[in-house]
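Below is my_file20.txt, holding compact mmCIF, C-alpha atoms.
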# COMPACT_ATOMS: atom_id res chain seq x y z
CA MET N 1 121.95 86.58 125.52
CA ILE N 2 119.52 87.14 122.66
CA LYS N 3 116.28 88.92 123.48
CA ILE N 4 113.23 88.44 121.24
CA ILE N 5 110.53 91.03 120.67
CA GLU N 6 107.45 90.17 118.66
CA ASN N 7 104.46 91.84 117.05
CA GLU N 8 101.43 89.66 116.48
CA LEU N 9 99.74 92.18 114.15
CA ILE N 10 102.30 91.71 111.38
CA LYS N 11 103.76 88.36 112.55
CA GLU N 12 107.29 89.72 112.95
CA LYS N 13 110.05 88.71 115.37
CA VAL N 14 113.16 90.73 116.08
CA TYR N 15 116.24 89.28 117.76
CA ILE N 16 118.41 91.62 119.81
CA GLU N 17 121.70 91.06 121.60
CA LYS N 18 123.54 93.74 123.53
CA LEU N 19 127.21 92.85 123.98
CA GLU N 20 129.22 93.52 127.14
CA SER N 21 130.83 96.45 125.34
CA GLY N 22 127.40 98.01 124.79
CA PHE N 23 127.30 97.30 121.04
CA THR N 24 123.78 96.23 120.00
CA ILE N 25 123.05 93.76 117.20
CA ILE N 26 119.51 93.54 115.85
CA CYS N 27 118.47 90.78 113.46
CA ILE N 28 115.13 90.77 111.62
CA PRO N 29 114.71 87.44 109.78
CA LYS N 30 112.56 87.44 106.65
CA ASP N 31 112.12 84.22 104.71
CA ASN N 32 110.15 85.69 101.80
CA THR N 33 112.93 87.67 100.13
CA LYS N 34 116.29 87.14 98.49
CA LYS N 35 117.46 90.63 99.43
CA LYS N 36 119.61 91.25 102.48
CA TYR N 37 120.26 94.56 104.20
CA ALA N 38 122.78 95.70 106.80
CA VAL N 39 123.23 99.09 108.44
CA CYS N 40 125.76 100.06 111.08
CA SER N 41 124.66 103.17 112.93
CA VAL N 42 126.62 105.51 115.17
CA GLY N 43 124.90 107.88 117.60
CA TYR N 44 126.89 110.85 116.37
CA GLY N 45 125.36 113.51 114.13
CA SER N 46 125.86 117.07 112.97
CA ASN N 47 124.20 118.58 116.05
CA TYR N 48 126.87 117.30 118.43
CA ASN N 49 129.51 120.01 118.13
CA LYS N 50 130.09 120.70 121.81
CA PHE N 51 131.05 118.02 124.34
CA ILE N 52 133.20 117.07 127.31
CA VAL N 53 135.52 114.07 126.94
CA GLN N 54 135.43 111.56 129.79
CA GLY N 55 138.14 112.47 132.33
CA GLU N 56 138.52 116.04 131.05
CA ASN N 57 137.14 119.23 132.55
CA THR N 58 137.33 121.50 129.52
CA ILE N 59 134.66 121.81 126.84
CA THR N 60 135.58 120.64 123.36
CA GLU N 61 133.95 122.71 120.63
CA ILE N 62 134.42 121.55 117.06
CA PRO N 63 133.63 123.15 113.67
CA ASP N 64 130.31 122.56 111.96
CA GLY N 65 130.33 119.60 109.57
CA VAL N 66 132.67 117.18 111.38
CA ALA N 67 130.18 114.28 111.57
CA HIS N 68 129.61 114.51 107.81
CA TYR N 69 133.34 114.86 107.15
CA LEU N 70 133.95 111.69 109.20
CA GLU N 71 131.36 109.83 107.14
CA HIS N 72 133.23 110.72 103.96
CA LYS N 73 136.62 109.68 105.34
CA MET N 74 135.65 106.35 106.91
CA PHE N 75 135.79 104.51 103.57
CA GLU N 76 139.47 105.29 102.99
CA GLN N 77 141.85 102.60 104.24
CA GLU N 78 145.59 102.64 105.00
CA SER N 79 146.12 100.17 102.15
CA GLY N 80 145.00 102.87 99.73
CA ILE N 81 141.87 100.91 98.83
CA ASN N 82 138.51 102.61 99.24
CA SER N 83 136.01 100.32 101.00
CA LEU N 84 133.18 101.70 98.88
CA ASP N 85 135.01 100.36 95.81
CA THR N 86 135.49 97.01 97.54
CA LEU N 87 131.78 96.77 98.30
CA SER N 88 130.87 97.76 94.75
CA SER N 89 133.16 95.03 93.39
CA LEU N 90 131.15 92.53 95.45
CA GLY N 91 128.01 93.61 93.62
CA VAL N 92 126.36 95.22 96.63
CA ASP N 93 124.63 98.59 96.73
CA ALA N 94 126.51 100.48 99.46
CA ASN N 95 126.04 103.97 100.84
CA ALA N 96 126.30 106.16 103.95
CA TYR N 97 124.57 109.24 105.29
CA THR N 98 124.73 111.74 108.15
CA THR N 99 121.78 113.24 110.00
CA ASN N 100 121.44 115.63 112.91
CA ASP N 101 121.63 112.83 115.48
CA HIS N 102 123.39 109.85 113.86
CA THR N 103 125.55 108.54 111.03
CA ALA N 104 124.76 105.33 109.14
CA TYR N 105 126.81 103.00 106.91
CA LEU N 106 124.79 100.50 104.91
CA PHE N 107 124.49 98.09 102.03
CA GLU N 108 121.86 95.97 100.30
CA CYS N 109 122.49 92.86 98.23
CA THR N 110 121.33 89.44 97.08
CA ASN N 111 124.79 87.83 96.95
CA ASN N 112 128.13 88.10 98.81
CA PHE N 113 126.48 89.25 102.03
CA ASN N 114 129.05 87.72 104.38
CA GLU N 115 131.98 89.32 102.55
CA ALA N 116 130.21 92.68 102.47
CA LEU N 117 129.41 92.50 106.19
CA THR N 118 133.05 91.78 106.98
CA GLU N 119 134.10 94.81 104.96
CA LEU N 120 131.47 97.04 106.58
CA LEU N 121 132.47 96.13 110.13
CA SER N 122 136.13 96.47 109.22
CA TYR N 123 136.12 99.99 107.79
CA VAL N 124 133.68 101.41 110.36
CA GLN N 125 136.04 100.26 113.13
CA THR N 126 139.32 101.22 111.40
CA PRO N 127 139.78 104.95 110.83
CA TYR N 128 142.66 106.21 108.74
CA PHE N 129 143.15 109.96 108.58
CA THR N 130 146.20 111.81 107.30
CA ASP N 131 146.86 115.46 106.59
CA GLU N 132 146.87 114.64 102.90
CA ASN N 133 143.65 112.63 102.66
CA VAL N 134 141.77 115.07 104.91
CA GLU N 135 142.86 117.98 102.73
CA LYS N 136 141.89 116.11 99.56
CA GLU N 137 138.34 115.61 100.86
CA ARG N 138 137.89 119.32 101.59
CA GLY N 139 137.38 120.17 97.94
CA ILE N 140 134.87 117.35 97.44
CA ILE N 141 132.79 118.41 100.43
CA SER N 142 132.99 122.07 99.38
CA GLN N 143 131.40 121.11 96.07
CA GLU N 144 128.66 119.24 97.92
CA ILE N 145 127.97 122.27 100.14
CA ASN N 146 127.76 124.54 97.10
CA MET N 147 125.41 122.07 95.40
CA TYR N 148 123.01 122.16 98.37
CA ASN N 149 123.28 125.94 98.60
CA ASP N 150 122.02 126.06 95.02
CA ASP N 151 119.09 123.72 95.74
CA PRO N 152 115.93 125.84 96.26
CA ASP N 153 114.05 123.15 98.22
CA TRP N 154 116.97 122.67 100.60
CA LYS N 155 117.43 126.41 101.07
CA ALA N 156 113.73 126.76 101.82
CA TYR N 157 114.10 124.09 104.51
CA ILE N 158 117.30 125.49 106.08
CA ASN N 159 115.85 129.01 106.10
CA CYS N 160 112.79 127.59 107.85
CA MET N 161 115.07 126.05 110.51
CA ASN N 162 116.78 129.43 110.91
CA ALA N 163 113.41 131.05 111.44
CA LEU N 164 112.28 128.44 113.98
CA TYR N 165 115.44 128.15 116.09
CA LYS N 166 117.74 130.66 117.73
CA LYS N 167 120.49 128.33 118.97
CA ASN N 168 119.78 124.74 118.00
CA PRO N 169 122.42 123.51 115.47
CA ILE N 170 119.69 121.99 113.30
CA LYS N 171 119.64 125.43 111.67
CA ILE N 172 123.14 124.71 110.28
CA ASP N 173 123.67 122.60 107.18
CA ILE N 174 124.68 119.02 108.10
CA ALA N 175 127.79 119.35 105.91
CA GLY N 176 128.78 122.62 107.58
CA THR N 177 129.89 125.67 105.64
CA ILE N 178 132.81 126.40 103.33
CA GLU N 179 134.38 128.36 106.19
CA SER N 180 133.77 125.78 108.94
CA ILE N 181 135.22 122.78 107.08
CA LYS N 182 138.48 124.69 106.56
CA LYS N 183 139.05 124.25 110.31
CA ILE N 184 138.66 120.45 110.24
CA ASP N 185 141.92 118.48 110.48
CA LYS N 186 142.90 114.87 111.21
CA GLU N 187 143.25 115.56 114.95
CA THR N 188 139.64 116.80 115.09
CA LEU N 189 138.41 113.75 113.19
CA TYR N 190 140.30 111.33 115.41
CA LYS N 191 139.05 113.01 118.58
CA CYS N 192 135.42 112.76 117.48
CA TYR N 193 135.86 109.22 116.20
CA ASN N 194 137.53 108.02 119.41
CA ASN N 195 134.82 109.52 121.60
CA PHE N 196 131.71 108.62 119.62
CA TYR N 197 132.52 105.65 117.36
CA ILE N 198 132.56 103.33 120.35
CA PRO N 199 130.56 100.10 120.85
CA SER N 200 128.17 101.53 123.45
CA ASN N 201 127.17 104.20 120.90
CA MET N 202 126.74 101.88 117.91
CA CYS N 203 124.31 99.30 116.60
CA LEU N 204 124.16 96.87 113.69
CA ILE N 205 120.84 95.95 112.07
CA LEU N 206 120.57 92.93 109.77
CA VAL N 207 117.44 92.20 107.72
CA GLY N 208 116.98 89.22 105.42
CA ASP N 209 116.77 85.45 105.21
CA PHE N 210 118.99 84.74 108.22
CA GLU N 211 119.18 82.23 111.03
CA PRO N 212 119.36 84.86 113.80
CA ALA N 213 121.72 83.14 116.24
CA THR N 214 124.17 82.27 113.44
CA ILE N 215 124.40 85.73 111.86
CA ILE N 216 124.55 87.46 115.24
CA GLU N 217 127.43 85.18 116.30
CA LYS N 218 129.25 85.94 113.05
CA ALA N 219 128.90 89.68 113.60
CA LYS N 220 129.99 89.44 117.26
CA LYS N 221 133.34 87.95 116.25
CA GLN N 222 134.11 91.04 114.16
CA ILE N 223 133.22 93.70 116.73
CA LYS N 224 136.05 95.18 118.75
CA ASP N 225 135.75 95.15 122.54
CA ASN N 226 136.22 98.80 123.40
CA GLN N 227 134.91 99.78 126.84
CA LYS N 228 135.47 103.52 126.41
CA THR N 229 132.75 105.89 127.62
CA LYS N 230 131.09 108.26 125.17
CA ALA N 231 131.81 111.97 125.55
CA THR N 232 129.09 114.00 127.26
CA ILE N 233 127.22 116.06 124.68
CA LEU N 234 126.33 119.62 125.65
CA TYR N 235 123.12 121.11 124.29
CA GLU N 236 122.21 124.72 123.76
CA LYS N 237 119.05 125.47 125.71
CA GLU N 238 116.30 126.46 123.31
CA ASP N 239 113.05 128.03 124.45
CA MET N 240 109.76 127.82 122.57
CA LYS N 241 110.01 131.30 121.08
CA ILE N 242 110.52 131.41 117.32
CA ASN N 243 113.61 133.16 115.98
CA LYS N 244 112.10 135.02 113.01
CA GLU N 245 108.58 135.17 111.60
CA LYS N 246 109.67 135.20 107.98
CA ILE N 247 112.72 134.66 105.75
CA VAL N 248 112.58 135.41 102.02
CA GLU N 249 115.37 134.58 99.57
CA GLU N 250 115.63 135.05 95.81
CA MET N 251 116.89 132.14 93.70
CA ASP N 252 116.61 130.78 90.18
CA VAL N 253 113.12 129.28 90.46
CA SER N 254 110.15 129.57 88.13
CA ILE N 255 107.52 129.06 90.85
CA PRO N 256 107.97 130.32 94.43
CA ILE N 257 108.42 127.74 97.21
CA LEU N 258 106.49 128.30 100.43
CA THR N 259 107.63 126.47 103.55
CA LEU N 260 105.74 126.86 106.80
CA GLY N 261 107.23 125.55 110.04
CA ILE N 262 105.58 125.12 113.43
CA LYS N 263 107.82 124.85 116.49
CA VAL N 264 106.85 122.01 118.83
CA ASN N 265 108.01 121.25 122.36
CA PRO N 266 110.40 118.26 122.02
CA LYS N 267 109.91 117.17 125.63
CA GLU N 268 106.85 114.97 125.61
CA GLU N 269 106.30 111.71 127.50
CA GLU N 270 104.14 110.02 124.85
CA THR N 271 106.42 110.71 121.91
CA ILE N 272 105.23 107.87 119.69
CA LYS N 273 101.56 108.55 120.31
CA ARG N 274 102.06 112.25 119.65
CA CYS N 275 104.06 111.54 116.48
CA LEU N 276 101.25 109.36 115.12
CA GLY N 277 98.66 111.95 116.13
CA ILE N 278 100.47 114.73 114.27
CA GLU N 279 100.91 112.59 111.14
CA ILE N 280 97.21 111.72 111.17
CA ILE N 281 96.26 115.39 111.56
CA LEU N 282 98.53 116.41 108.67
CA GLU N 283 96.83 113.80 106.48
CA VAL N 284 93.34 115.01 107.47
CA LEU N 285 94.18 118.68 106.91
CA PHE N 286 96.52 118.61 103.93
CA GLY N 287 96.58 115.14 102.35
CA ASN N 288 95.63 114.63 98.70
CA SER N 289 92.05 113.76 99.66
CA SER N 290 91.68 116.76 102.00
CA ASP N 291 89.31 119.64 101.30
CA CYS N 292 92.21 122.07 101.62
CA PHE N 293 94.26 120.39 98.90
CA LYS N 294 91.28 119.98 96.58
CA LYS N 295 90.27 123.63 96.89
CA LEU N 296 93.79 124.99 96.35
CA TYR N 297 94.36 122.67 93.40
CA GLU N 298 91.02 123.34 91.72
CA GLN N 299 91.56 127.10 92.02
CA GLY N 300 94.99 126.77 90.38
CA LEU N 301 96.78 128.06 93.49
CA ILE N 302 99.00 124.96 93.73
CA TYR N 303 100.18 122.51 91.10
CA ASP N 304 101.25 119.50 93.15
CA SER N 305 100.79 117.81 96.52
CA ILE N 306 101.30 119.63 99.81
CA GLN N 307 104.39 118.06 101.38
CA THR N 308 104.13 117.65 105.15
CA SER N 309 106.27 116.06 107.85
CA PHE N 310 106.89 115.96 111.59
CA GLU N 311 110.58 115.91 112.49
CA TRP N 312 111.85 115.34 116.00
CA SER N 313 114.80 114.16 118.01
CA LYS N 314 114.69 113.08 121.61
CA GLU N 315 114.61 116.22 123.80
CA GLU N 316 116.50 118.30 121.19
CA PHE N 317 114.08 119.60 118.57
CA ALA N 318 110.61 119.05 117.15
CA HIS N 319 108.78 120.82 114.35
CA ILE N 320 106.10 120.44 111.72
CA ILE N 321 106.90 121.26 108.09
CA ILE N 322 104.35 122.19 105.40
CA GLN N 323 105.87 122.86 101.97
CA LEU N 324 104.43 123.58 98.54
CA LYS N 325 104.93 125.59 95.36
CA THR N 326 102.61 128.49 94.60
CA GLU N 327 102.53 131.83 92.83
CA GLU N 328 100.03 133.12 95.41
CA ILE N 329 102.00 132.86 98.66
CA SER N 330 99.77 135.10 100.80
CA LYS N 331 96.50 133.50 99.68
CA VAL N 332 97.77 129.96 100.18
CA LYS N 333 99.30 130.70 103.57
CA LYS N 334 96.02 132.27 104.72
CA HIS N 335 94.08 129.25 103.50
CA ILE N 336 96.39 126.88 105.40
CA ILE N 337 96.06 128.91 108.60
CA ASP N 338 92.28 129.13 108.18
CA THR N 339 92.15 125.35 107.67
CA ILE N 340 94.03 124.75 110.94
CA LYS N 341 91.79 127.19 112.84
CA ASP N 342 88.57 125.75 111.37
CA PHE N 343 89.46 122.22 112.46
CA GLN N 344 90.54 123.48 115.89
CA ASN N 345 87.17 125.17 116.35
CA GLN N 346 84.90 122.61 114.73
CA GLY N 347 86.72 119.35 115.40
CA ILE N 348 87.46 116.50 112.98
CA GLU N 349 84.71 114.47 111.35
CA GLU N 350 84.83 110.80 112.30
CA ASN N 351 84.94 109.52 108.71
CA LYS N 352 87.85 111.82 107.78
CA LEU N 353 89.74 110.79 110.88
CA GLU N 354 89.27 107.07 110.27
CA ARG N 355 90.33 107.39 106.63
CA ALA N 356 93.52 109.21 107.64
CA LYS N 357 94.25 106.72 110.42
CA ARG N 358 93.97 103.79 108.00
CA LYS N 359 96.30 105.47 105.54
CA ILE N 360 98.98 106.27 108.14
CA TYR N 361 98.72 102.76 109.58
CA GLY N 362 99.07 101.30 106.08
CA LEU N 363 102.18 103.35 105.43
CA TYR N 364 103.79 102.01 108.60
CA VAL N 365 102.83 98.40 107.78
CA ARG N 366 104.36 98.83 104.32
CA GLU N 367 107.69 99.73 105.93
CA PHE N 368 107.89 96.16 107.26
CA ASN N 369 107.55 94.64 103.78
CA ASP N 370 110.91 95.81 102.45
CA VAL N 371 114.30 94.88 103.91
CA SER N 372 115.90 98.31 103.55
CA SER N 373 112.81 100.21 104.71
CA GLU N 374 112.43 98.03 107.80
CA GLY N 375 116.15 98.19 108.55
CA THR N 376 116.12 101.97 108.32
CA LEU N 377 112.99 102.14 110.47
CA PHE N 378 114.65 100.16 113.26
CA GLU N 379 117.95 102.00 112.89
CA THR N 380 116.55 105.53 113.10
CA ASN N 381 114.25 104.64 115.98
CA PHE N 382 116.96 102.77 117.90
CA ILE N 383 118.84 106.07 118.14
CA LYS N 384 115.73 107.55 119.76
CA GLY N 385 115.33 104.60 122.11
CA ILE N 386 112.13 103.43 120.44
CA ASN N 387 110.87 100.01 119.35
CA PRO N 388 109.12 100.59 115.96
CA PHE N 389 106.49 97.98 116.81
CA GLU N 390 105.12 100.56 119.24
CA TYR N 391 103.85 102.66 116.32
CA LEU N 392 101.52 99.82 115.33
CA GLU N 393 100.44 99.25 118.92
CA LYS N 394 99.87 102.92 119.84
CA TYR N 395 97.81 103.42 116.69
CA ARG N 396 95.00 101.36 118.20
CA ILE N 397 94.59 103.60 121.24
CA ILE N 398 94.54 106.97 119.47
CA SER N 399 91.09 108.47 119.97
CA LYS N 400 89.26 111.36 118.34
CA GLU N 401 89.55 113.31 121.62
CA TYR N 402 93.32 112.79 121.71
CA ILE N 403 93.73 113.92 118.09
CA GLU N 404 91.68 117.06 118.64
CA GLY N 405 93.67 117.82 121.78
CA ILE N 406 96.94 117.56 119.85
CA LEU N 407 95.50 119.73 117.08
CA LYS N 408 94.86 122.53 119.57
CA SER N 409 98.01 122.20 121.68
CA VAL N 410 100.60 121.55 118.93
CA PHE N 411 99.33 123.31 115.78
CA ARG N 412 99.83 126.78 117.21
CA ILE N 413 99.78 129.65 114.74
CA ASP N 414 101.86 131.81 117.10
CA LYS N 415 104.67 129.22 116.71
CA MET N 416 104.48 129.30 112.91
CA VAL N 417 107.25 130.70 110.68
CA GLU N 418 107.41 131.30 106.94
CA SER N 419 110.28 130.59 104.56
CA CYS N 420 109.91 131.68 100.94
CA ILE N 421 112.11 131.09 97.91
CA ILE N 422 110.99 133.48 95.17
CA PRO N 423 112.24 134.06 91.61
CA LYS N 424 114.98 136.64 91.30
CA LYS N 425 113.72 140.19 90.80
CA CYS N 426 110.26 139.04 91.79
CA VAL N 427 108.47 141.07 94.43
CA GLU N 428 105.30 139.58 95.84
Before we go any further, please render this structure as structure tokens.
Amino acid sequence: MIKIIENELIKEKVYIEKLESGFTIICIPKDNTKKKYAVCSVGYGSNYNKFIVQGENTITEIPDGVAHYLEHKMFEQESGINSLDTLSSLGVDANAYTTNDHTAYLFECTNNFNEALTELLSYVQTPYFTDENVEKERGIISQEINMYNDDPDWKAYINCMNALYKKNPIKIDIAGTIESIKKIDKETLYKCYNNFYIPSNMCLILVGDFEPATIIEKAKKQIKDNQKTKATILYEKEDMKINKEKIVEEMDVSIPILTLGIKVNPKEEETIKRCLGIEIILEVLFGNSSDCFKKLYEQGLIYDSIQTSFEWSKEEFAHIIIQLKTEEISKVKKHIIDTIKDFQNQGIEENKLERAKRKIYGLYVREFNDVSSEGTLFETNFIKGINPFEYLEKYRIISKEYIEGILKSVFRIDKMVESCIIPKKCVE
């Protein structure tokens, strides 16, 4: 039975059907575009390296990088044809990606949607791993790992995760390491596929000019009825203590990269409201119209925007990231800390708060104007058990008092870490 959820603010309807197997299909009809978007998501990401299979008593522990390795191998079919090539021949823009908590397979097109959807649902549900094709992929993934290891921005981020967390696997590169992927074989891939790539742990999101009941029925006919239960994921318990205050690494950069991270308690009842509150605060404190940014830029201490984000996964991790490039690391860090403390002590001016709220709200509304952006929004939030319409609804009840409370309780300097990438042979 199809369930309909609706948001009057943006005049959007979303059609959802959960099959008996647990597989969820979400259709978002849009009659003002020729583009169509589909994404099949699996609730299996790089963090899930320790689990207990249903009916077993022993713990299965797998090497780092298996979820990403699976993503690479899913396109290869027993026929010898790569599904990515098949999708490309249809003229669709296809891709896949792995995150800490899920893996997604997607495409966007204007023509040949039905054929592309058939191919997508076929290869995601038909694994084909051999000793030979698994070994062949090892070299490709090794090159990808080396490429990221040479990326200063990525290293600044991963080092920040290492400083924030003692045990949480978010501190490990999603692709794993050169050493860990050597331990991945076809048996490991099949075990993870069979225990996580199951209907109750998957969803399909379709965005475009569709008649919802028709496209949902078409998709249903191609989804296998597998009643298997997902393996039980085991999490490393992580307290709120930071791991290291500072990590500095030398790389081939012309301007040092400063990344500040603030550890946040992931267990929070009002997750959406808190997420919006943090994003609004980051805009007030460090957005391009903020006093902090203007002062740092005018004094020549920074050369570009201050990049900020709040990353979180349900009950697993949560942190704030502030990243920028500067030749005056100590001065800029002090200014950022002073900015946080000043706002905590003095509060936020009403006009600055309202301006930031309007901007954040506008950014969310814009997500609903593009088929791929809206599809991704629903896909990533489905994994977290969230209806994205709630962001628009919670926005209206966020008060100045709530924002200032979050500023004091979440933006804690004693939970802040520093990750620096500096030019080789450069001593600050």
Would you please work out which residue, of N:Gly405, N:Tyr193, N:Gln54, N:Gly91, is nearest to N:Thr229 when using all atoms listed in the file?
N:Gln54
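The interatomic distance for the pair atom CA of N:Val39 and atom CA of N:Ile2 works out to 18.9 Å.
Of the listed residues (N:Cys109, N:Val332, N:Ile422, N:Ala175), N:Ile422 comes nearest to N:Ile257; the distances count all atoms listed in the file.
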Nearest residue to N:Ile198 out of N:Val42, N:Cys160, N:Ile140, N:Val365, using only C-alpha atoms?
N:Val42
Find the spatial neighbours of N:Tyr37, counting all atoms listed in the file, within a cut-off of 9 Å - ignore same-chain residues fewer than 5 positions away - and output them as a ChimeraX atom specification.
/N:106-110,113,205-208,371-372,375
Which is closer to N:Asn226 than all the others in N:Asn168, N:Gln125, N:Ser88, N:Gln346, using all atoms listed in the file?
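For N:Asn226, the nearest of the given residues is N:Gln125.
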What are the closest atom pairs, with distances in Å to one decimal, for all residues of stretch 155-219 of chain N lying within 12 Å of stretch 21-26 of chain N? Consider only C-alpha atoms, order rows by chain and residue number, and present the result as CSV.
residue,atom,partner,partner_atom,distance
N:Tyr197,CA,N:Phe23,CA,10.5
N:Ile198,CA,N:Phe23,CA,8.0
N:Pro199,CA,N:Phe23,CA,4.3
N:Ser200,CA,N:Gly22,CA,3.8
N:Asn201,CA,N:Phe23,CA,6.9
N:Met202,CA,N:Phe23,CA,5.6
N:Cys203,CA,N:Thr24,CA,4.6
N:Leu204,CA,N:Ile25,CA,4.8
N:Ile205,CA,N:Ile26,CA,4.7
N:Leu206,CA,N:Ile26,CA,6.2
N:Val207,CA,N:Ile26,CA,8.5
N:Gly208,CA,N:Ile26,CA,11.6
N:Phe210,CA,N:Ile26,CA,11.7
N:Pro212,CA,N:Ile26,CA,8.9
N:Ala213,CA,N:Ile26,CA,10.6
N:Ile215,CA,N:Ile25,CA,9.7
N:Ile216,CA,N:Ile25,CA,6.8
N:Glu217,CA,N:Ile25,CA,9.7
N:Lys218,CA,N:Ile25,CA,10.8
N:Ala219,CA,N:Ile25,CA,8.0
Show which residues sit within 8 Å of N:Arg274, as a PyMOL selection string. Count only C-alpha atoms, and ignore same-chain residues fewer than 4 positions away.
chain N and resi 270+278+406
Determine, for each residue of stretch 198-285 of chain N having at least one atom at most 8 Å from an atom of stretch 321-329 of chain N, the closest pair of atoms and their separation in Å to one decimal, counting all atoms listed in the file; order by chain and ascending number, as CSV.
residue,atom,partner,partner_atom,distance
N:Ile255,CA,N:Glu327,CA,6.0
N:Pro256,CA,N:Thr326,CA,5.7
N:Ile257,CA,N:Lys325,CA,4.5
N:Leu258,CA,N:Leu324,CA,5.5
N:Thr259,CA,N:Gln323,CA,4.3
N:Leu260,CA,N:Ile322,CA,5.1
N:Gly261,CA,N:Ile321,CA,4.7
N:Ile262,CA,N:Ile321,CA,6.7
Residue subset to file, keeping C-alpha atoms, as an mmCIF file, in the coordinates of the input:
data_model
loop_
_atom_site.group_PDB
_atom_site.id
_atom_site.type_symbol
_atom_site.label_atom_id
_atom_site.label_comp_id
_atom_site.auth_asym_id
_atom_site.auth_seq_id
_atom_site.Cartn_x
_atom_site.Cartn_y
_atom_site.Cartn_z
ATOM 1 C CA ILE N 255 107.520 129.060 90.850
ATOM 2 C CA PRO N 256 107.970 130.320 94.430
ATOM 3 C CA ILE N 257 108.420 127.740 97.210
ATOM 4 C CA LEU N 258 106.490 128.300 100.430
ATOM 5 C CA THR N 259 107.630 126.470 103.550
ATOM 6 C CA LEU N 260 105.740 126.860 106.800
ATOM 7 C CA GLY N 261 107.230 125.550 110.040
ATOM 8 C CA ILE N 262 105.580 125.120 113.430
#
Residue neighbourhood N:Ile247, 9 Å, only C-alpha atoms, exclusion window fewer than 3 positions, as a ChimeraX atom specification:
/N:156,159-160,162-163,244,417-421
Please dump the current selection as an mmCIF file, keeping the file's coordinate frame; keep C-alpha atoms.
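Ended up saving to again-v1.cif:
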data_model
loop_
_atom_site.group_PDB
_atom_site.id
_atom_site.type_symbol
_atom_site.label_atom_id
_atom_site.label_comp_id
_atom_site.auth_asym_id
_atom_site.auth_seq_id
_atom_site.Cartn_x
_atom_site.Cartn_y
_atom_site.Cartn_z
ATOM 1 C CA ALA N 156 113.730 126.760 101.820
ATOM 2 C CA ASN N 159 115.850 129.010 106.100
ATOM 3 C CA CYS N 160 112.790 127.590 107.850
ATOM 4 C CA ASN N 162 116.780 129.430 110.910
ATOM 5 C CA ALA N 163 113.410 131.050 111.440
ATOM 6 C CA LYS N 244 112.100 135.020 113.010
ATOM 7 C CA VAL N 417 107.250 130.700 110.680
ATOM 8 C CA GLU N 418 107.410 131.300 106.940
ATOM 9 C CA SER N 419 110.280 130.590 104.560
ATOM 10 C CA CYS N 420 109.910 131.680 100.940
ATOM 11 C CA ILE N 421 112.110 131.090 97.910
#
Each stretch 284-359 of chain N residue no farther than 9 Å from stretch 396-404 of chain N, nearest pair in Å, only C-alpha atoms, as a tab-separated table:
residue	atom	partner	partner_atom	distance
N:Phe343	CA	N:Glu404	CA	8.4
N:Gln344	CA	N:Glu404	CA	7.1
N:Gly347	CA	N:Glu404	CA	6.4
N:Ile348	CA	N:Glu404	CA	7.1
N:Glu349	CA	N:Lys400	CA	8.9
N:Glu350	CA	N:Lys400	CA	7.5
N:Leu353	CA	N:Lys400	CA	7.5
I'd like the neighbourhood of N:Lys352 as an NGL selection string, where a residue qualifies if any of its atoms comes within 12 Å (using only C-alpha atoms), though same-chain residues fewer than 2 positions away should be ignored.
:N and (280-287 or 289-291 or 343 or 347-350 or 354-359 or 400)
What's around N:His68 at 8 Å? Count all atoms listed in the file, leave out sequence neighbours fewer than 2 positions away in its own chain, and write the answer as number ranges by chain.
N: 45-46, 65-66, 70-72, 97-98, 103, 174-175
Between N:Trp312, N:Tyr148, N:Tyr15, N:Tyr395, single out the one closest to N:Ile383, counting all atoms listed in the file.
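Using all atoms listed in the file, N:Ile383 sits closest to N:Trp312.
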Expected residue set, 9 Å radius at (111.3, 112.7, 121.1), only C-alpha atoms, as a short mmCIF file (atom, residue, chain, number, x, y, z; two decimals) with C-alpha atoms, in the frame of the given file:
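To be explicit, this is the file written out as out-v6.cif:
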data_model
loop_
_atom_site.label_atom_id
_atom_site.label_comp_id
_atom_site.auth_asym_id
_atom_site.auth_seq_id
_atom_site.Cartn_x
_atom_site.Cartn_y
_atom_site.Cartn_z
CA PRO N 266 110.40 118.26 122.02
CA LYS N 267 109.91 117.17 125.63
CA GLU N 268 106.85 114.97 125.61
CA GLU N 269 106.30 111.71 127.50
CA GLU N 270 104.14 110.02 124.85
CA THR N 271 106.42 110.71 121.91
CA ILE N 272 105.23 107.87 119.69
CA CYS N 275 104.06 111.54 116.48
CA TRP N 312 111.85 115.34 116.00
CA SER N 313 114.80 114.16 118.01
CA LYS N 314 114.69 113.08 121.61
CA GLU N 315 114.61 116.22 123.80
CA GLU N 316 116.50 118.30 121.19
CA PHE N 317 114.08 119.60 118.57
CA ALA N 318 110.61 119.05 117.15
CA LYS N 384 115.73 107.55 119.76
#
Among the residues N:Glu144, N:Glu374, N:Asp31, N:Asp151, the one that comes closest to N:Glu250 [using all atoms listed in the file]
N:Asp151
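Note that atom CA of N:Asn114 and atom CA of N:Leu84 are 15.6 Å apart.
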